[in-house]
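Peer 1: Shown below is the structure under consideration.
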Amino acid sequence: MRIGILNELAYRMNFLVQLLQSGMSLLTALVGFLVVFSHTETLGDWRPNDILALLGVYLIVGGLVGLLIRPSMSRLMEDVREGTLDYTLTKPEDAQFLVSIAQVRIWKLTDFVLGSIVLGYALFNRGLDVGFDETIAFAVTLTCGGAIVYSFFLILSTLSFWFIRIDNILVIFDAMYQAGRWPIGLYPYWLKFVLTFIVPIAFAITVPAEGLIGRLDAQTLGLDIGVATLMIAVSRLFWRYGLRNYSGASA
Amino acid sequence: MTMPAIQVSQLSKTYVVPEREAGLSAAFKSLIHRKTREVKAVDQISFTVDEGEIVGFLGPNGAGKTTSLKMLSGLLYPTSGEAHVLGHIPSKRHRDFLSDITLVMGQRNQLVWDIPVIDSLERNRAVYRVPRSDYQSTIDELTELLDLGELLQKPVRNLSLGERMKCEIAAALLHRPSVLFLDEPTIGLDVTMQRRIREFISAYNREHGAAVLLTSHYMADVEALCDRVIVIHHGRVLFDGPLTDLVARFSPHKTIQIELDTESADLSEYGDVVEQEGARYKISVDKAVTPEVTGRLLADLPVIDLTVEDPPIENVIEQVFSSENAES
């Protein structure tokens, strides 16, 4: 973990680029937001400040994924291809744990910070009506969302034990993730299904945002927790199965 | 009776590899339907290595050396057969087992590229849970033995290949393992650096009584370090025993080097002339008759200089493999 941070700090220029990138993505998101709400007062039954809060969650989750999960999983795929995973596997520590914290992109914190600002602003506009229940719901759903996205990534990355090169799959995730800027409920049925159960973006963004602004029902919350538990178990099993089939890159 | 450090019986590993013909259309075809083929990388090998022993693991490229080492260090699941290292089954990857072995691969690094070596070492310290007090004394010891000095403060990318290898070895030994798997630890290094690493391995082995299983293509490594060698080829063990026996068994000849005062002598009646360079000749003779031939040479010819030696170990090894090919 510490190593990942040290590794990043070695390249200061990256920070500026990342700052610029975060700013740009926030800007495009805001422009989209303004364009939509110059035509309408509500979107589905979401009002502008709700959407803005969702945008905040979108940035926060994106920042967290980009901070740890994504870089570590990309690193895992690379390690499988180059055979350097061998070294990780000879360490007396749980290999899944080691690969999951292998790399940190500290600059992604900028997304996290910007997202928090956007979220704070949206909540302030709504009149700061976030109570105890909402806070708990947000914390639980955000944790579950994180766990689901992490498991999802782990399963994809484990596939590289067989297919070696599947970096492109991560690009697909990025593209899908963009869709999370808007409430998943707004999309047509088939897309809603894809974004919930195939690429679990609904659980990562929409559900936590709903929790925060008090729109979450108990059924969704239960489903969220259930799916998170299941995903963690499945991805763990799949990872272990993958390890058995790991053949390494020949020296 | 103590248990051997490494005990292997009938260990095999079969890879399933995709097979496809060259060319674009074949590449597309293989996307749809993959033809596969089974390759026996390691085929029922058995051997034991005792505590404190340094054993050379020899064989041409693709003989199954690396695969064997990976199975023994718990990276690969064997297809069949059994292995015990320090009483553990490697593929279970038990924490106690992993804490007591190390794997060094000369062609791959575990040190992190962009940061100073000392930070990578610190990571290994944390992963292996080496207590700080032990850590410092180990670092001091390694620094002295390997002459690391200020290398530790430099980022890995600024190190030369040899310096990097020294640091790699230091990182691999921080937790003082009692079994070392070294896969070509001296590859690509210059002669001085090779000797350095060799001396270090030998010193570590002496001090800590560690078992070492080492592969190398440099016979100098093997001659200097290993009393015993295991030769494998096509995944099978061809020979297991002292290095001197290997030479005796596979090379029934000795080479006589002789210098005369003439460049036109015909020595073919004494043995096979394998080389002639000016007035210097090399003849290969059967071991049994070497003393007699030497005596005759000295009596018959105006000899300026004469030496008798075993053929270079490389040639012996080459002979082992070619004889195996001829048999199969």
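Following the order of the structure tokens, first chain is A, next is B, and so on, with residues numbered from 1 inside each chain and ligands from 1 in the order they appear.
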Can you tell me which residues surround stretch 195-202 of chain A at a distance of at most 9 Å, considering only C-alpha atoms, apart from same-chain residues fewer than 6 positions away, and format the answer as an MDAnalysis selection string?

Peer 2: chainID A and resid 145 148:149 152 173 176:177 179:180 183:185 208

Peer 1: Within 8 Å of stretch 128-141 of chain A, counting only C-alpha atoms, which residues qualify if same-chain residues fewer than 4 places away don't, as a ChimeraX atom specification?

Peer 2: /A:123-124,145,203-204,207-214,221,224-225

Peer 1: Could I get the residues of chain B with an atom no further than 7 Å from an atom of chain A, each paired with its nearest atom pair and that distance in Å to one decimal, using only C-alpha atoms, sorted by chain and residue number, as a tab-separated table?

Peer 2:
residue	atom	partner	partner_atom	distance
B:Ser73	CA	A:Thr90	CA	6.9
B:Leu75	CA	A:Leu89	CA	6.4
B:Leu76	CA	A:Ser247	CA	6.3
B:Tyr77	CA	A:Arg244	CA	6.3
B:Arg95	CA	A:Pro92	CA	4.7
B:Leu98	CA	A:Pro92	CA	4.9
B:Ser99	CA	A:Pro92	CA	5.4
B:Gln107	CA	A:Ala251	CA	6.9
B:Arg108	CA	A:Thr84	CA	6.8
B:Gln110	CA	A:Tyr87	CA	6.4
B:Asp114	CA	A:Asn7	CA	5.9
B:Ile115	CA	A:Asn7	CA	5.9
B:Val127	CA	A:Glu93	CA	6.7
B:Tyr128	CA	A:Pro92	CA	6.4

Peer 1: Keeping only C-alpha atoms, take the residues you just selected and write them out as a PDB file, in the first residue's frame.

Peer 2:
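Heads up, here's the output in part.pdb:
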ATOM      1  CA  SER B  73       7.609 -23.122  -4.287  1.00  0.00           C
ATOM      2  CA  LEU B  75       3.121 -21.496  -7.518  1.00  0.00           C
ATOM      3  CA  LEU B  76       1.872 -24.322  -9.659  1.00  0.00           C
ATOM      4  CA  TYR B  77      -0.364 -27.220  -8.854  1.00  0.00           C
ATOM      5  CA  ARG B  95       1.865 -19.416   5.637  1.00  0.00           C
ATOM      6  CA  LEU B  98       5.934 -19.599   2.457  1.00  0.00           C
ATOM      7  CA  SER B  99       7.682 -17.816   5.327  1.00  0.00           C
ATOM      8  CA  GLN B 107      14.884 -12.877 -15.345  1.00  0.00           C
ATOM      9  CA  ARG B 108      12.219 -11.169 -13.289  1.00  0.00           C
ATOM     10  CA  GLN B 110      10.233  -8.162  -7.576  1.00  0.00           C
ATOM     11  CA  ASP B 114      10.496   3.629  -9.435  1.00  0.00           C
ATOM     12  CA  ILE B 115      11.290   3.675  -5.763  1.00  0.00           C
ATOM     13  CA  VAL B 127       4.805  -8.841   4.384  1.00  0.00           C
ATOM     14  CA  TYR B 128       7.070 -11.391   6.056  1.00  0.00           C
TER      15      TYR B 128
END

Peer 1: Per DSSP on the backbone, filter stretch 10-235 of chain A down to the residues in alpha helix (DSSP H) and report them as a PyMOL selection string.

Peer 2: chain A and resi 13-37+48-64+70-82+85-89+95-100+109-125+132-158+160-163+167-178+189-193+201+207-212+218-235

Peer 1: If you run DSSP on the backbone, which residues of stretch 91-319 of chain B are strand (DSSP E or B), as JSON, numbers by chain?

Peer 2: {"B": [101, 102, 103, 104, 105, 116, 155, 179, 180, 181, 182, 183, 211, 212, 213, 214, 215, 228, 229, 230, 231, 232, 233, 236, 237, 238, 239, 240, 241, 242, 253, 254, 255, 256, 257, 258, 259, 260, 272, 273, 274, 275, 276, 277, 280, 281, 282, 283, 284, 285, 286, 303, 304, 305, 306, 307, 308, 309]}

Peer 1: Give the answer as one residue: which of B:Asp221, B:Pro302, B:Leu58, B:Met71 has the shortest atom-to-atom distance to B:Val316, using only C-alpha atoms?

Peer 2: B:Leu58

Peer 1: Would you pick out the contacts of stretch 141-148 of chain B at 10 Å or less, using only C-alpha atoms, so that residues sharing its chain but fewer than 5 positions from it are not included, and give the list as a compact mmCIF listing (two decimals) with all heavy atoms, in the first residue's frame?

Peer 2:
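And here's out-v7.txt as it stands now:
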# COMPACT_ATOMS: atom_id res chain seq x y z
N TYR B 135 15.38 -7.31 11.44
CA TYR B 135 15.45 -6.71 10.13
C TYR B 135 16.74 -5.90 9.99
O TYR B 135 17.48 -6.06 9.03
CB TYR B 135 14.23 -5.82 9.94
CG TYR B 135 14.21 -4.98 8.67
CD1 TYR B 135 14.06 -5.58 7.43
CD2 TYR B 135 14.30 -3.59 8.75
CE1 TYR B 135 14.02 -4.82 6.29
CE2 TYR B 135 14.25 -2.83 7.60
CZ TYR B 135 14.11 -3.43 6.38
OH TYR B 135 14.06 -2.68 5.24
N GLN B 136 16.99 -5.06 11.00
CA GLN B 136 18.17 -4.21 10.92
C GLN B 136 19.44 -5.04 10.85
O GLN B 136 20.33 -4.77 10.05
CB GLN B 136 18.21 -3.22 12.11
CG GLN B 136 19.06 -1.99 11.84
CD GLN B 136 18.80 -1.40 10.44
OE1 GLN B 136 17.66 -1.07 10.09
NE2 GLN B 136 19.85 -1.26 9.63
N GLN B 153 19.68 3.25 -1.33
CA GLN B 153 18.95 4.52 -1.40
C GLN B 153 18.51 4.87 -2.81
O GLN B 153 17.73 5.79 -3.01
CB GLN B 153 19.82 5.67 -0.86
CG GLN B 153 20.53 5.35 0.45
CD GLN B 153 19.56 4.94 1.54
OE1 GLN B 153 18.42 5.37 1.58
NE2 GLN B 153 20.01 4.06 2.43
N GLU B 163 23.88 -4.82 -10.06
CA GLU B 163 23.48 -4.20 -8.78
C GLU B 163 22.06 -4.58 -8.42
O GLU B 163 21.73 -4.85 -7.27
CB GLU B 163 23.59 -2.67 -8.89
CG GLU B 163 25.00 -2.18 -9.01
CD GLU B 163 25.08 -0.69 -9.35
OE1 GLU B 163 24.10 -0.13 -9.91
OE2 GLU B 163 26.11 -0.09 -9.05
N ARG B 164 21.22 -4.62 -9.47
CA ARG B 164 19.83 -4.95 -9.23
C ARG B 164 19.71 -6.38 -8.71
O ARG B 164 18.96 -6.65 -7.78
CB ARG B 164 19.06 -4.81 -10.54
CG ARG B 164 17.61 -4.51 -10.33
CD ARG B 164 17.00 -3.99 -11.59
NE ARG B 164 16.72 -5.05 -12.52
CZ ARG B 164 16.78 -4.92 -13.85
NH1 ARG B 164 17.13 -3.77 -14.37
NH2 ARG B 164 16.51 -5.91 -14.63
N LYS B 166 21.88 -8.07 -7.03
CA LYS B 166 22.31 -8.13 -5.64
C LYS B 166 21.17 -7.70 -4.72
O LYS B 166 20.90 -8.31 -3.69
CB LYS B 166 23.54 -7.24 -5.41
CG LYS B 166 24.79 -7.76 -6.08
CD LYS B 166 26.05 -7.18 -5.48
CE LYS B 166 26.16 -5.70 -5.70
NZ LYS B 166 27.48 -5.18 -5.26
N CYS B 167 20.49 -6.64 -5.14
CA CYS B 167 19.39 -6.14 -4.31
C CYS B 167 18.21 -7.12 -4.31
O CYS B 167 17.54 -7.30 -3.30
CB CYS B 167 18.93 -4.77 -4.80
SG CYS B 167 20.20 -3.52 -4.63
N ILE B 169 18.41 -10.30 -4.53
CA ILE B 169 18.75 -11.40 -3.63
C ILE B 169 18.59 -10.96 -2.18
O ILE B 169 18.05 -11.70 -1.35
CB ILE B 169 20.18 -11.90 -3.92
CG1 ILE B 169 20.17 -12.63 -5.26
CG2 ILE B 169 20.69 -12.80 -2.82
CD1 ILE B 169 21.48 -13.19 -5.69
N ALA B 170 19.01 -9.73 -1.90
CA ALA B 170 18.83 -9.22 -0.54
C ALA B 170 17.35 -9.23 -0.17
O ALA B 170 16.96 -9.68 0.91
CB ALA B 170 19.40 -7.80 -0.43
N ALA B 171 16.51 -8.77 -1.11
CA ALA B 171 15.06 -8.72 -0.82
C ALA B 171 14.49 -10.11 -0.60
O ALA B 171 13.59 -10.30 0.19
CB ALA B 171 14.33 -8.03 -1.98
N LEU B 173 16.00 -12.62 0.70
CA LEU B 173 16.54 -13.33 1.87
C LEU B 173 16.30 -12.63 3.19
O LEU B 173 16.77 -13.08 4.24
CB LEU B 173 18.04 -13.57 1.68
CG LEU B 173 18.40 -14.46 0.50
CD1 LEU B 173 19.89 -14.59 0.36
CD2 LEU B 173 17.76 -15.83 0.65
N LEU B 174 15.56 -11.54 3.14
CA LEU B 174 15.29 -10.76 4.35
C LEU B 174 14.74 -11.61 5.48
O LEU B 174 15.05 -11.40 6.64
CB LEU B 174 14.24 -9.69 4.04
CG LEU B 174 14.72 -8.34 3.62
CD1 LEU B 174 13.53 -7.40 3.61
CD2 LEU B 174 15.78 -7.84 4.56
N ARG B 196 30.76 -12.97 -7.34
CA ARG B 196 30.27 -12.32 -6.14
C ARG B 196 29.02 -13.00 -5.60
O ARG B 196 28.90 -13.34 -4.43
CB ARG B 196 29.91 -10.88 -6.54
CG ARG B 196 29.72 -9.95 -5.41
CD ARG B 196 31.08 -9.67 -4.91
NE ARG B 196 31.03 -9.23 -3.54
CZ ARG B 196 31.47 -8.05 -3.18
NH1 ARG B 196 31.98 -7.22 -4.05
NH2 ARG B 196 31.43 -7.70 -1.91
N ILE B 197 28.07 -13.18 -6.52
CA ILE B 197 26.79 -13.79 -6.15
C ILE B 197 27.01 -15.22 -5.67
O ILE B 197 26.45 -15.67 -4.68
CB ILE B 197 25.84 -13.79 -7.37
CG1 ILE B 197 25.64 -12.38 -7.88
CG2 ILE B 197 24.54 -14.51 -7.07
CD1 ILE B 197 24.42 -11.67 -7.43
N GLU B 199 29.73 -16.50 -4.34
CA GLU B 199 30.33 -16.52 -3.00
C GLU B 199 29.28 -16.24 -1.94
O GLU B 199 29.28 -16.83 -0.87
CB GLU B 199 31.45 -15.46 -2.90
CG GLU B 199 32.71 -15.90 -3.59
CD GLU B 199 33.67 -14.74 -3.83
OE1 GLU B 199 33.32 -13.58 -3.44
OE2 GLU B 199 34.74 -14.97 -4.39
N PHE B 200 28.37 -15.35 -2.31
CA PHE B 200 27.34 -15.01 -1.34
C PHE B 200 26.42 -16.19 -1.06
O PHE B 200 26.11 -16.50 0.09
CB PHE B 200 26.51 -13.82 -1.83
CG PHE B 200 25.34 -13.55 -0.95
CD1 PHE B 200 25.52 -12.95 0.28
CD2 PHE B 200 24.07 -13.95 -1.31
CE1 PHE B 200 24.46 -12.74 1.14
CE2 PHE B 200 22.99 -13.74 -0.46
CZ PHE B 200 23.20 -13.14 0.76
N ILE B 201 26.02 -16.87 -2.12
CA ILE B 201 25.12 -18.02 -1.94
C ILE B 201 25.80 -19.06 -1.06
O ILE B 201 25.21 -19.61 -0.13
CB ILE B 201 24.76 -18.65 -3.31
CG1 ILE B 201 23.92 -17.66 -4.12
CG2 ILE B 201 24.00 -19.95 -3.13
CD1 ILE B 201 23.69 -18.08 -5.55
N ALA B 203 28.15 -18.56 1.12
CA ALA B 203 28.27 -18.07 2.50
C ALA B 203 26.93 -18.21 3.23
O ALA B 203 26.88 -18.64 4.39
CB ALA B 203 28.71 -16.60 2.51
N TYR B 204 25.86 -17.87 2.54
CA TYR B 204 24.54 -17.96 3.17
C TYR B 204 24.23 -19.41 3.53
O TYR B 204 23.74 -19.72 4.61
CB TYR B 204 23.46 -17.42 2.22
CG TYR B 204 22.09 -17.39 2.85
CD1 TYR B 204 21.65 -16.27 3.55
CD2 TYR B 204 21.24 -18.50 2.77
CE1 TYR B 204 20.41 -16.25 4.15
CE2 TYR B 204 20.00 -18.48 3.38
CZ TYR B 204 19.58 -17.36 4.06
OH TYR B 204 18.35 -17.34 4.65

Peer 1: Just want the 12 Å neighbourhood of A:Gln18, counted on only C-alpha atoms, with same-chain residues fewer than 6 positions away dropped. Output as number ranges by chain.

Peer 2: A: 8, 11-12, 24-25, 63, 66-67, 105-111

Peer 1: Calculate how many Å separate atom CA of B:Gly162 from atom CA of B:Leu121, rounding to one decimal.

Peer 2: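 Pair atom CA of B:Gly162 / atom CA of B:Leu121 returns 17.4 Å.
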